[in-house]
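Structure data follow from input.cif (mmCIF, C-alpha atoms and all ligand atoms):
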data_protein
loop_
_atom_site.label_atom_id
_atom_site.label_comp_id
_atom_site.auth_asym_id
_atom_site.auth_seq_id
_atom_site.Cartn_x
_atom_site.Cartn_y
_atom_site.Cartn_z
CA MET A 722 89.41 46.13 -70.71
CA THR A 723 91.98 48.77 -69.81
CA THR A 724 94.77 50.21 -71.95
CA ALA A 725 98.40 50.84 -70.94
CA LEU A 726 100.88 52.97 -72.90
CA ILE A 727 104.55 52.08 -72.40
CA THR A 728 107.42 54.18 -73.74
CA GLY A 729 110.60 52.25 -74.52
CA SER A 730 108.53 49.06 -74.69
CA THR A 731 110.79 47.04 -77.00
CA ALA A 732 113.66 46.21 -74.65
CA GLY A 733 114.61 45.72 -71.01
CA ILE A 734 112.31 47.08 -68.31
CA GLY A 735 109.73 48.40 -70.82
CA ALA A 736 109.47 44.98 -72.48
CA ALA A 737 108.98 43.40 -69.04
CA PHE A 738 106.12 45.86 -68.35
CA ALA A 739 104.60 44.95 -71.73
CA ARG A 740 104.79 41.18 -71.01
CA ARG A 741 103.30 41.54 -67.51
CA LEU A 742 100.50 43.91 -68.51
CA ALA A 743 99.58 41.84 -71.58
CA ALA A 744 99.49 38.67 -69.46
CA ASP A 745 97.15 40.52 -67.06
CA GLY A 746 94.80 41.28 -69.99
CA HIS A 747 95.53 44.95 -70.69
CA ASN A 748 95.51 46.31 -74.22
CA LEU A 749 98.76 48.09 -75.03
CA VAL A 750 100.11 51.09 -76.89
CA LEU A 751 103.78 50.35 -77.56
CA VAL A 752 106.13 53.32 -78.09
CA ALA A 753 109.77 53.33 -79.26
CA ARG A 754 111.79 54.40 -82.32
CA ASP A 755 112.27 51.05 -84.06
CA THR A 756 109.04 50.31 -85.97
CA LYS A 757 110.00 46.80 -87.08
CA ARG A 758 110.79 45.75 -83.53
CA LEU A 759 107.55 47.36 -82.27
CA ARG A 760 105.47 45.48 -84.86
CA GLU A 761 107.08 42.15 -83.97
CA GLN A 762 106.45 42.81 -80.29
CA ALA A 763 102.80 43.76 -80.93
CA THR A 764 102.17 40.60 -82.96
CA GLU A 765 103.81 38.37 -80.36
CA LEU A 766 101.85 39.87 -77.44
CA HIS A 767 98.58 39.75 -79.39
CA ASP A 768 99.10 36.10 -80.39
CA ARG A 769 100.19 34.99 -76.93
CA HIS A 770 97.69 36.89 -74.77
CA GLY A 771 94.81 37.82 -77.13
CA ILE A 772 95.14 41.54 -76.33
CA GLU A 773 95.15 44.47 -78.80
CA ALA A 774 98.61 46.00 -79.18
CA GLU A 775 98.92 49.32 -81.02
CA VAL A 776 102.27 50.48 -82.42
CA LEU A 777 103.27 54.13 -82.07
CA THR A 778 106.70 54.93 -83.49
CA ALA A 779 108.07 58.03 -81.80
CA ASP A 780 111.45 59.48 -80.95
CA LEU A 781 110.98 61.18 -77.58
CA ALA A 782 114.08 63.28 -78.18
CA THR A 783 112.11 65.19 -80.83
CA GLU A 784 109.20 67.63 -80.78
CA ASP A 785 107.23 65.54 -83.29
CA GLY A 786 107.75 62.36 -81.27
CA ILE A 787 106.59 63.89 -77.98
CA THR A 788 103.59 65.56 -79.66
CA ALA A 789 102.46 62.28 -81.27
CA VAL A 790 102.43 60.49 -77.91
CA GLU A 791 100.76 63.46 -76.17
CA GLU A 792 97.99 63.30 -78.75
CA ARG A 793 97.44 59.58 -78.17
CA LEU A 794 97.33 60.10 -74.40
CA GLY A 795 94.90 62.99 -74.72
CA ARG A 796 92.40 60.98 -76.75
CA ARG A 797 89.14 60.61 -74.83
CA ARG A 798 87.91 57.60 -76.86
CA ASP A 799 90.09 54.48 -76.31
CA GLY A 800 91.69 56.39 -73.44
CA VAL A 801 94.86 55.27 -71.71
CA ASP A 802 94.40 54.02 -68.13
CA LEU A 803 98.05 53.41 -67.28
CA LEU A 804 101.09 55.31 -68.58
CA VAL A 805 104.58 53.92 -68.08
CA ASN A 806 107.20 56.58 -68.87
CA ASN A 807 110.14 54.24 -69.22
CA ALA A 808 112.20 55.25 -72.31
CA GLY A 809 115.67 56.31 -71.29
CA PHE A 810 119.38 55.90 -71.87
CA ALA A 811 122.82 56.63 -70.45
CA ASN A 812 125.69 58.69 -71.83
CA LYS A 813 129.15 57.25 -71.27
CA GLY A 814 131.64 59.53 -69.61
CA ARG A 815 131.90 62.09 -66.86
CA TYR A 816 130.88 65.76 -66.90
CA LEU A 817 132.62 67.66 -69.78
CA GLU A 818 133.51 64.35 -71.47
CA VAL A 819 129.93 63.97 -72.71
CA PRO A 820 129.00 66.35 -75.57
CA LEU A 821 126.54 69.01 -74.39
CA ALA A 822 124.12 68.07 -77.18
CA ASP A 823 123.88 64.53 -75.73
CA GLU A 824 123.23 65.90 -72.23
CA LEU A 825 120.44 68.09 -73.63
CA THR A 826 118.93 65.10 -75.47
CA MET A 827 118.89 63.25 -72.16
CA LEU A 828 117.02 66.10 -70.47
CA LYS A 829 114.52 66.10 -73.34
CA VAL A 830 113.81 62.34 -73.05
CA HIS A 831 114.09 61.97 -69.25
CA CYS A 832 112.48 65.26 -68.18
CA GLU A 833 110.60 67.18 -70.89
CA ALA A 834 108.96 64.09 -72.41
CA VAL A 835 108.09 62.75 -68.94
CA LEU A 836 106.54 66.08 -67.90
CA ARG A 837 104.53 66.47 -71.10
CA LEU A 838 103.34 62.86 -71.33
CA THR A 839 102.42 62.72 -67.63
CA SER A 840 100.44 65.95 -68.03
CA ALA A 841 98.61 64.77 -71.15
CA ALA A 842 97.74 61.46 -69.48
CA THR A 843 96.71 62.73 -66.06
CA ASP A 844 94.54 65.49 -67.53
CA ALA A 845 92.42 62.85 -69.29
CA MET A 846 92.58 60.44 -66.32
CA ARG A 847 91.40 63.08 -63.86
CA GLU A 848 88.27 63.64 -65.95
CA ARG A 849 87.52 59.90 -65.76
CA GLY A 850 88.36 59.83 -62.03
CA ARG A 851 90.86 56.97 -62.39
CA GLY A 852 94.23 56.08 -63.86
CA GLY A 853 97.88 55.52 -63.06
CA VAL A 854 101.33 56.74 -64.11
CA VAL A 855 104.64 54.98 -63.44
CA ASN A 856 107.67 57.16 -64.12
CA VAL A 857 110.82 55.07 -64.31
CA ALA A 858 113.61 56.88 -62.45
CA SER A 859 116.60 55.10 -60.86
CA VAL A 860 118.42 54.71 -57.55
CA ALA A 861 120.90 57.08 -59.27
CA ALA A 862 118.36 59.78 -58.31
CA PHE A 863 119.70 59.64 -54.75
CA VAL A 864 123.43 59.99 -55.48
CA PRO A 865 125.57 62.59 -57.29
CA ARG A 866 125.90 61.05 -60.75
CA GLY A 867 126.05 63.69 -63.47
CA THR A 868 123.14 64.63 -65.69
CA TYR A 869 121.76 61.08 -65.56
CA GLY A 870 121.35 61.13 -61.77
CA ALA A 871 120.11 64.74 -61.85
CA SER A 872 117.47 63.93 -64.47
CA LYS A 873 116.27 60.93 -62.45
CA ALA A 874 116.20 63.05 -59.26
CA TRP A 875 113.90 65.42 -61.16
CA VAL A 876 111.66 62.47 -62.12
CA VAL A 877 111.35 61.42 -58.46
CA GLN A 878 110.64 64.93 -57.14
CA PHE A 879 108.23 65.78 -59.95
CA THR A 880 106.31 62.51 -59.64
CA GLN A 881 105.96 62.58 -55.86
CA GLY A 882 104.89 66.25 -55.98
CA ALA A 883 102.30 65.59 -58.69
CA ALA A 884 101.05 62.51 -56.79
CA ARG A 885 100.42 64.70 -53.78
CA ASP A 886 98.70 67.41 -55.84
CA LEU A 887 96.38 64.82 -57.43
CA GLU A 888 95.51 63.03 -54.18
CA GLY A 889 91.79 62.27 -54.06
CA SER A 890 91.39 62.55 -57.86
CA GLY A 891 91.54 58.80 -58.46
CA VAL A 892 94.83 59.22 -60.37
CA ARG A 893 97.93 57.55 -58.89
CA LEU A 894 101.50 58.49 -59.76
CA MET A 895 104.58 56.53 -58.74
CA ALA A 896 108.31 56.98 -59.34
CA LEU A 897 110.03 53.64 -59.83
CA CYS A 898 113.69 53.50 -58.79
CA PRO A 899 115.40 50.34 -60.01
CA GLY A 900 118.93 49.38 -59.13
CA LEU A 901 121.02 47.69 -61.81
CA VAL A 902 118.90 45.63 -64.21
CA ARG A 903 120.19 43.37 -66.98
CA THR A 904 118.87 45.04 -70.16
CA GLU A 905 120.35 46.62 -73.30
CA PHE A 906 120.98 49.86 -71.38
CA HIS A 907 124.70 49.51 -70.55
CA GLU A 908 125.65 47.94 -73.87
CA ARG A 909 123.88 50.70 -75.82
CA ALA A 910 125.90 53.30 -73.87
CA GLY A 911 129.13 51.35 -74.41
CA MET A 912 129.57 50.91 -70.68
CA GLY A 913 131.49 47.97 -69.30
CA THR A 914 129.75 45.90 -66.62
CA ASP A 915 132.47 43.33 -65.90
CA ASN A 916 133.39 44.68 -62.46
CA ILE A 917 129.80 44.89 -61.22
CA PRO A 918 129.20 42.06 -58.71
CA LYS A 919 126.53 39.52 -59.72
CA TRP A 920 124.40 40.15 -56.61
CA MET A 921 123.75 43.74 -57.72
CA TRP A 922 121.82 42.71 -60.85
CA LEU A 923 118.03 42.63 -60.74
CA ASP A 924 115.68 40.68 -62.96
CA ALA A 925 113.38 42.93 -65.05
CA ASP A 926 110.30 40.69 -64.70
CA LYS A 927 110.59 40.51 -60.90
CA LEU A 928 111.18 44.26 -60.75
CA VAL A 929 108.01 44.96 -62.74
CA LYS A 930 105.92 42.59 -60.61
CA ALA A 931 107.07 44.37 -57.44
CA ALA A 932 106.54 47.80 -59.02
CA LEU A 933 102.94 47.06 -60.03
CA ALA A 934 102.24 45.73 -56.52
CA ASP A 935 103.60 49.00 -55.07
CA LEU A 936 101.40 51.01 -57.46
CA ALA A 937 98.35 49.00 -56.37
CA ARG A 938 99.25 49.78 -52.72
CA GLY A 939 99.20 53.51 -53.56
CA LYS A 940 102.93 54.16 -53.08
CA SER A 941 104.39 57.26 -54.77
CA LEU A 942 107.96 55.90 -54.61
CA SER A 943 109.00 52.33 -55.31
CA ILE A 944 112.48 50.89 -54.69
CA PRO A 945 111.51 47.28 -55.30
CA ASP A 946 114.49 45.30 -54.05
CA PRO A 947 115.36 44.96 -50.32
CA ARG A 948 119.12 45.16 -51.07
CA TYR A 949 118.72 48.50 -52.83
CA LYS A 950 116.26 49.74 -50.20
CA ALA A 951 118.92 49.06 -47.56
CA MET A 952 121.61 50.76 -49.68
CA MET A 953 119.46 53.85 -50.19
CA GLY A 954 118.91 53.94 -46.41
CA LEU A 955 122.71 53.99 -45.99
CA VAL A 956 123.10 56.68 -48.66
CA LYS A 957 120.87 58.98 -46.58
CA VAL A 958 123.33 58.88 -43.65
CA THR A 959 126.63 58.81 -45.61
CA PRO A 960 128.49 62.10 -46.37
CA ARG A 961 127.77 63.19 -49.96
CA ALA A 962 131.47 63.74 -50.74
CA LEU A 963 132.14 60.05 -50.04
CA ILE A 964 129.18 58.85 -52.12
CA GLY A 965 130.12 61.16 -54.99
CA GLY A 966 133.65 59.72 -55.11
CA VAL A 967 132.31 56.22 -55.65
CA THR A 968 129.27 56.83 -57.86
CA SER A 969 130.82 59.27 -60.32
CA ARG A 970 133.43 56.65 -61.32
CA THR A 971 131.29 53.50 -61.51
CA GLY A 972 130.68 52.34 -65.07
CA ARG A 973 131.20 55.78 -66.61
CA LYS A 974 134.87 55.69 -67.53
CA TYR A 975 135.57 57.16 -70.93
CA GLY A 976 139.29 57.38 -71.31
CA PRO A 977 142.19 56.52 -68.99
CA LYS A 978 141.21 59.09 -66.29
N1 LIG A 1001 119.06 48.93 -66.79
C1 LIG A 1001 119.33 49.52 -65.64
O1 LIG A 1001 120.26 49.12 -64.91
C2 LIG A 1001 118.48 50.68 -65.17
C3 LIG A 1001 118.58 51.05 -63.82
C4 LIG A 1001 117.80 52.09 -63.35
C5 LIG A 1001 116.94 52.76 -64.19
N2 LIG A 1001 116.86 52.40 -65.50
C6 LIG A 1001 115.93 53.15 -66.35
O2 LIG A 1001 114.99 52.24 -66.88
C7 LIG A 1001 114.50 52.74 -68.12
C8 LIG A 1001 114.56 51.64 -69.17
O3 LIG A 1001 115.91 51.25 -69.30
P1 LIG A 1001 116.35 49.80 -69.80
O4 LIG A 1001 117.45 49.38 -68.94
O5 LIG A 1001 115.18 48.92 -69.98
O6 LIG A 1001 116.98 50.22 -71.23
P2 LIG A 1001 117.06 49.48 -72.65
O7 LIG A 1001 117.07 47.99 -72.48
O8 LIG A 1001 118.20 50.11 -73.35
O9 LIG A 1001 115.69 49.89 -73.38
C9 LIG A 1001 115.44 51.24 -73.69
C10 LIG A 1001 114.10 51.36 -74.42
O10 LIG A 1001 113.83 52.74 -74.63
C11 LIG A 1001 113.63 53.00 -76.03
N3 LIG A 1001 114.17 54.34 -76.30
C12 LIG A 1001 115.43 54.79 -76.10
N4 LIG A 1001 115.54 56.07 -76.52
C13 LIG A 1001 114.31 56.44 -76.97
C14 LIG A 1001 113.79 57.64 -77.55
N5 LIG A 1001 114.56 58.71 -77.77
N6 LIG A 1001 112.47 57.67 -77.90
C15 LIG A 1001 111.69 56.59 -77.72
N7 LIG A 1001 112.12 55.43 -77.19
C16 LIG A 1001 113.43 55.36 -76.82
C17 LIG A 1001 114.38 51.86 -76.74
O11 LIG A 1001 113.84 51.54 -78.04
P3 LIG A 1001 114.33 52.27 -79.41
O12 LIG A 1001 115.83 52.25 -79.40
O13 LIG A 1001 113.70 51.49 -80.53
O14 LIG A 1001 113.77 53.65 -79.34
C18 LIG A 1001 114.07 50.70 -75.78
O15 LIG A 1001 112.78 50.18 -76.03
C19 LIG A 1001 115.34 53.97 -68.46
O16 LIG A 1001 114.61 55.13 -68.13
C20 LIG A 1001 116.56 53.83 -67.54
O17 LIG A 1001 117.12 55.07 -67.23
C21 LIG A 1001 117.61 51.37 -66.01
#
Before we go any further, please render this structure as structure tokens.
Amino acid sequence: MTTALITGSTAGIGAAFARRLAADGHNLVLVARDTKRLREQATELHDRHGIEAEVLTADLATEDGITAVEERLGRRRDGVDLLVNNAGFANKGRYLEVPLADELTMLKVHCEAVLRLTSAATDAMRERGRGGVVNVASVAAFVPRGTYGASKAWVVQFTQGAARDLEGSGVRLMALCPGLVRTEFHERAGMGTDNIPKWMWLDADKLVKAALADLARGKSLSIPDPRYKAMMGLVKVTPRALIGGVTSRTGRKYGPK
């Protein structure tokens, strides 16, 4: 039986990964900040699928939180075969409207934690000659969209570079770039979603199914939905000034600007 560790497992895309992987018979290590919610999730997945689900409470915006997860990933006994770096959040507002401390917290969770957890996991996986890492980025990685987009662009570049460096080692790395997904993400950030057309929303369970299929195919970049794949194709040939005008406004309004 293999073990998967998922950060941000209690809601949205992380919870969909947990459901899918548990249904496929993987033991789980569930990571988030809310211990009560983690315990309830572990019990439910154990009862429904007969798998072992470990709870690891950790705040990935803190040194202690990152270290605790690094230690779990570095363990050689009961090793982790699949890491899903999924925990993440948005800050509402444009550049200079968001407090610098919140931007730095985002870089800690989206970049430093992802770098350190990927390194701890792949070091142990390389020794065993097998393993996988899914780093959840976003289609925002491909457009100018403040610190959020920049941090996700880093996730894509880092993951694809590391995937190339580890080719032949038996360890696969993939950056997952979802479009809009109905989760707690926008509500937590206090972002309105009323003017987002219905067709743009993706279902988290379908997204995860497609992502795991892409990982199995050995892809280092996954944009699971054909609509978003087409849009990202367009983005490549559209002037950046035009894209920036649209993306920097969407869903990020703070005040009346
Ligand atoms: N939803 C979208 O439209 C969308 C689109 C593209 C990419 N993404 C990316 O997908 C990932 C998951 O987002 P989601 O939409 O599923 O969000 P979500 O529904 O808000 O869930 C976020 C999860 O991350 C955990 N988390 C947040 N901050 C954390 C921290 N500091 N330390 C540890 N755990 C933390 C939360 O649990 P606790 O609060 O208990 O810690 C929760 O389990 C993120 O990386 C996001 O950037 C989302």
- [ ] Output the neighbourhood of ligand LIG 1001 (chain A) as number ranges by chain, that is, all protein and nucleic acid residues with some atom at most 8 Å from the ligand, counting only C-alpha atoms and all ligand atoms.
- [x] A: 728-736, 752-756, 758-759, 778-783, 786, 806-811, 830-831, 857-861, 869, 873, 898-909, 922, 925
Open item on the list: One number please: atom CA of A:Ser890 to atom CA of A:Ala842, in Å, one decimal.
Closed with: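 These atoms are spaced 13.3 Å apart.
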- [ ] Skip A:Ala871 itself and residues of its chain fewer than 5 positions away, then list as a ChimeraX atom specification all residues within 8 Å of it, counting only C-alpha atoms.
- [x] /A:862,865-866
- [ ] Could you jot down the atom CA of A:Arg760 to atom CA of A:Val776 separation for me, Å, one decimal place?
- [x] 6.4 Å
Open item on the list: With all atoms listed in the file as the counted atoms, please give the residues lying no more than 9 Å from stretch 942-954 of chain A, apart from itself and same-chain residues fewer than 5 positions off, as a list of chain:residue names.
Closed with: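 Counting only the stated atoms, we get A:Ser859, A:Val860, A:Phe863, A:Val877, A:Thr880, A:Gln881, A:Leu894, A:Met895, A:Ala896, A:Leu897, A:Cys898, A:Pro899, A:Gly900, A:Met921, A:Leu923, A:Lys927, A:Leu928, A:Val929, A:Ala931, A:Ala932, A:Asp935, A:Leu936.
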Task: Straight-line distance linking atom CA of A:Val801 with atom CA of A:Leu751, stated in Å to one decimal - done: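 We find that atom CA of A:Val801 and atom CA of A:Leu751 lie 11.7 Å from each other.
Residue nearest A:Leu803, chosen from A:Met846, A:Met722, A:Ala743, A:Val854 and counting only C-alpha atoms: A:Val854.
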Task: Minimum-distance residue to A:Glu888, chosen among A:Arg793, A:Asn856, A:Gly939, A:Thr839 (using only C-alpha atoms) - done: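 Going through A:Arg793, A:Asn856, A:Gly939, A:Thr839 one by one, the smallest distance to A:Glu888 is for A:Gly939.
Nearest residue to A:Ala834, choosing from A:Ala789, A:Ala774, A:Ala822, A:Ala874 and counting only C-alpha atoms: A:Ala789.
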TODO: May I ask which of the residues A:Gly882, A:Gly814, A:Gly771, A:Gly911 is the closest one to A:Gly867, counting all atoms listed in the file?
DONE: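 Closest to A:Gly867, using all atoms listed in the file: A:Gly814.
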Provide stretch 828-839 of chain A rebuilt to all heavy atoms, formatted as a PDB file, in the frame of the given file.
ATOM      1  N   LEU A 828     118.022  65.315 -71.206  1.00  0.00           N
ATOM      2  CA  LEU A 828     117.020  66.100 -70.470  1.00  0.00           C
ATOM      3  C   LEU A 828     115.685  66.109 -71.219  1.00  0.00           C
ATOM      4  O   LEU A 828     114.620  66.096 -70.609  1.00  0.00           O
ATOM      5  CB  LEU A 828     117.518  67.528 -70.234  1.00  0.00           C
ATOM      6  CG  LEU A 828     118.712  67.655 -69.281  1.00  0.00           C
ATOM      7  CD1 LEU A 828     119.128  69.119 -69.134  1.00  0.00           C
ATOM      8  CD2 LEU A 828     118.381  67.076 -67.901  1.00  0.00           C
ATOM      9  N   LYS A 829     115.756  66.108 -72.541  1.00  0.00           N
ATOM     10  CA  LYS A 829     114.520  66.100 -73.340  1.00  0.00           C
ATOM     11  C   LYS A 829     113.751  64.782 -73.108  1.00  0.00           C
ATOM     12  O   LYS A 829     112.548  64.791 -72.874  1.00  0.00           O
ATOM     13  CB  LYS A 829     114.874  66.267 -74.829  1.00  0.00           C
ATOM     14  CG  LYS A 829     113.686  66.398 -75.743  1.00  0.00           C
ATOM     15  CD  LYS A 829     113.654  67.755 -76.422  1.00  0.00           C
ATOM     16  CE  LYS A 829     112.385  67.927 -77.236  1.00  0.00           C
ATOM     17  NZ  LYS A 829     112.084  69.303 -77.543  1.00  0.00           N
ATOM     18  N   VAL A 830     114.472  63.658 -73.184  1.00  0.00           N
ATOM     19  CA  VAL A 830     113.810  62.340 -73.050  1.00  0.00           C
ATOM     20  C   VAL A 830     113.418  62.073 -71.591  1.00  0.00           C
ATOM     21  O   VAL A 830     112.302  61.646 -71.305  1.00  0.00           O
ATOM     22  CB  VAL A 830     114.725  61.209 -73.573  1.00  0.00           C
ATOM     23  CG1 VAL A 830     114.079  59.848 -73.364  1.00  0.00           C
ATOM     24  CG2 VAL A 830     115.037  61.418 -75.055  1.00  0.00           C
ATOM     25  N   HIS A 831     114.339  62.339 -70.655  1.00  0.00           N
ATOM     26  CA  HIS A 831     114.090  61.970 -69.250  1.00  0.00           C
ATOM     27  C   HIS A 831     113.191  62.965 -68.528  1.00  0.00           C
ATOM     28  O   HIS A 831     112.539  62.588 -67.565  1.00  0.00           O
ATOM     29  CB  HIS A 831     115.407  61.860 -68.483  1.00  0.00           C
ATOM     30  CG  HIS A 831     116.242  60.675 -68.860  1.00  0.00           C
ATOM     31  ND1 HIS A 831     117.410  60.338 -68.230  1.00  0.00           N
ATOM     32  CD2 HIS A 831     116.069  59.729 -69.816  1.00  0.00           C
ATOM     33  CE1 HIS A 831     117.927  59.239 -68.769  1.00  0.00           C
ATOM     34  NE2 HIS A 831     117.137  58.863 -69.745  1.00  0.00           N
ATOM     35  N   CYS A 832     113.227  64.245 -68.941  1.00  0.00           N
ATOM     36  CA  CYS A 832     112.480  65.260 -68.180  1.00  0.00           C
ATOM     37  C   CYS A 832     111.346  65.873 -68.999  1.00  0.00           C
ATOM     38  O   CYS A 832     110.177  65.759 -68.631  1.00  0.00           O
ATOM     39  CB  CYS A 832     113.408  66.348 -67.653  1.00  0.00           C
ATOM     40  SG  CYS A 832     114.724  65.710 -66.605  1.00  0.00           S
ATOM     41  N   GLU A 833     111.680  66.507 -70.142  1.00  0.00           N
ATOM     42  CA  GLU A 833     110.600  67.180 -70.890  1.00  0.00           C
ATOM     43  C   GLU A 833     109.532  66.190 -71.350  1.00  0.00           C
ATOM     44  O   GLU A 833     108.340  66.425 -71.168  1.00  0.00           O
ATOM     45  CB  GLU A 833     111.170  67.936 -72.117  1.00  0.00           C
ATOM     46  CG  GLU A 833     110.061  68.687 -72.850  1.00  0.00           C
ATOM     47  CD  GLU A 833     110.544  69.463 -74.070  1.00  0.00           C
ATOM     48  OE1 GLU A 833     111.728  69.845 -74.130  1.00  0.00           O
ATOM     49  OE2 GLU A 833     109.705  69.683 -74.967  1.00  0.00           O
ATOM     50  N   ALA A 834     109.952  65.067 -71.933  1.00  0.00           N
ATOM     51  CA  ALA A 834     108.960  64.090 -72.410  1.00  0.00           C
ATOM     52  C   ALA A 834     108.140  63.556 -71.238  1.00  0.00           C
ATOM     53  O   ALA A 834     106.912  63.429 -71.336  1.00  0.00           O
ATOM     54  CB  ALA A 834     109.661  62.943 -73.145  1.00  0.00           C
ATOM     55  N   VAL A 835     108.799  63.288 -70.107  1.00  0.00           N
ATOM     56  CA  VAL A 835     108.090  62.750 -68.940  1.00  0.00           C
ATOM     57  C   VAL A 835     107.065  63.768 -68.419  1.00  0.00           C
ATOM     58  O   VAL A 835     105.920  63.421 -68.113  1.00  0.00           O
ATOM     59  CB  VAL A 835     109.100  62.319 -67.841  1.00  0.00           C
ATOM     60  CG1 VAL A 835     108.385  61.998 -66.526  1.00  0.00           C
ATOM     61  CG2 VAL A 835     109.911  61.112 -68.310  1.00  0.00           C
ATOM     62  N   LEU A 836     107.462  65.037 -68.360  1.00  0.00           N
ATOM     63  CA  LEU A 836     106.540  66.080 -67.900  1.00  0.00           C
ATOM     64  C   LEU A 836     105.342  66.184 -68.839  1.00  0.00           C
ATOM     65  O   LEU A 836     104.178  66.189 -68.401  1.00  0.00           O
ATOM     66  CB  LEU A 836     107.281  67.429 -67.843  1.00  0.00           C
ATOM     67  CG  LEU A 836     106.408  68.667 -67.624  1.00  0.00           C
ATOM     68  CD1 LEU A 836     105.719  68.618 -66.262  1.00  0.00           C
ATOM     69  CD2 LEU A 836     107.253  69.948 -67.721  1.00  0.00           C
ATOM     70  N   ARG A 837     105.629  66.249 -70.142  1.00  0.00           N
ATOM     71  CA  ARG A 837     104.530  66.470 -71.100  1.00  0.00           C
ATOM     72  C   ARG A 837     103.619  65.253 -71.205  1.00  0.00           C
ATOM     73  O   ARG A 837     102.398  65.392 -71.269  1.00  0.00           O
ATOM     74  CB  ARG A 837     105.114  66.879 -72.458  1.00  0.00           C
ATOM     75  CG  ARG A 837     105.689  68.301 -72.399  1.00  0.00           C
ATOM     76  CD  ARG A 837     106.420  68.702 -73.649  1.00  0.00           C
ATOM     77  NE  ARG A 837     105.609  68.597 -74.846  1.00  0.00           N
ATOM     78  CZ  ARG A 837     106.073  68.850 -76.077  1.00  0.00           C
ATOM     79  NH1 ARG A 837     107.336  69.238 -76.239  1.00  0.00           N
ATOM     80  NH2 ARG A 837     105.286  68.734 -77.126  1.00  0.00           N
ATOM     81  N   LEU A 838     104.183  64.061 -71.208  1.00  0.00           N
ATOM     82  CA  LEU A 838     103.340  62.860 -71.330  1.00  0.00           C
ATOM     83  C   LEU A 838     102.535  62.625 -70.050  1.00  0.00           C
ATOM     84  O   LEU A 838     101.360  62.252 -70.101  1.00  0.00           O
ATOM     85  CB  LEU A 838     104.187  61.626 -71.680  1.00  0.00           C
ATOM     86  CG  LEU A 838     104.999  61.719 -72.976  1.00  0.00           C
ATOM     87  CD1 LEU A 838     105.603  60.372 -73.337  1.00  0.00           C
ATOM     88  CD2 LEU A 838     104.185  62.268 -74.144  1.00  0.00           C
ATOM     89  N   THR A 839     103.159  62.862 -68.898  1.00  0.00           N
ATOM     90  CA  THR A 839     102.420  62.720 -67.630  1.00  0.00           C
ATOM     91  C   THR A 839     101.253  63.700 -67.610  1.00  0.00           C
ATOM     92  O   THR A 839     100.131  63.348 -67.213  1.00  0.00           O
ATOM     93  CB  THR A 839     103.356  62.983 -66.421  1.00  0.00           C
ATOM     94  OG1 THR A 839     104.439  62.059 -66.466  1.00  0.00           O
ATOM     95  CG2 THR A 839     102.624  62.828 -65.101  1.00  0.00           C
TER      96      THR A 839
END
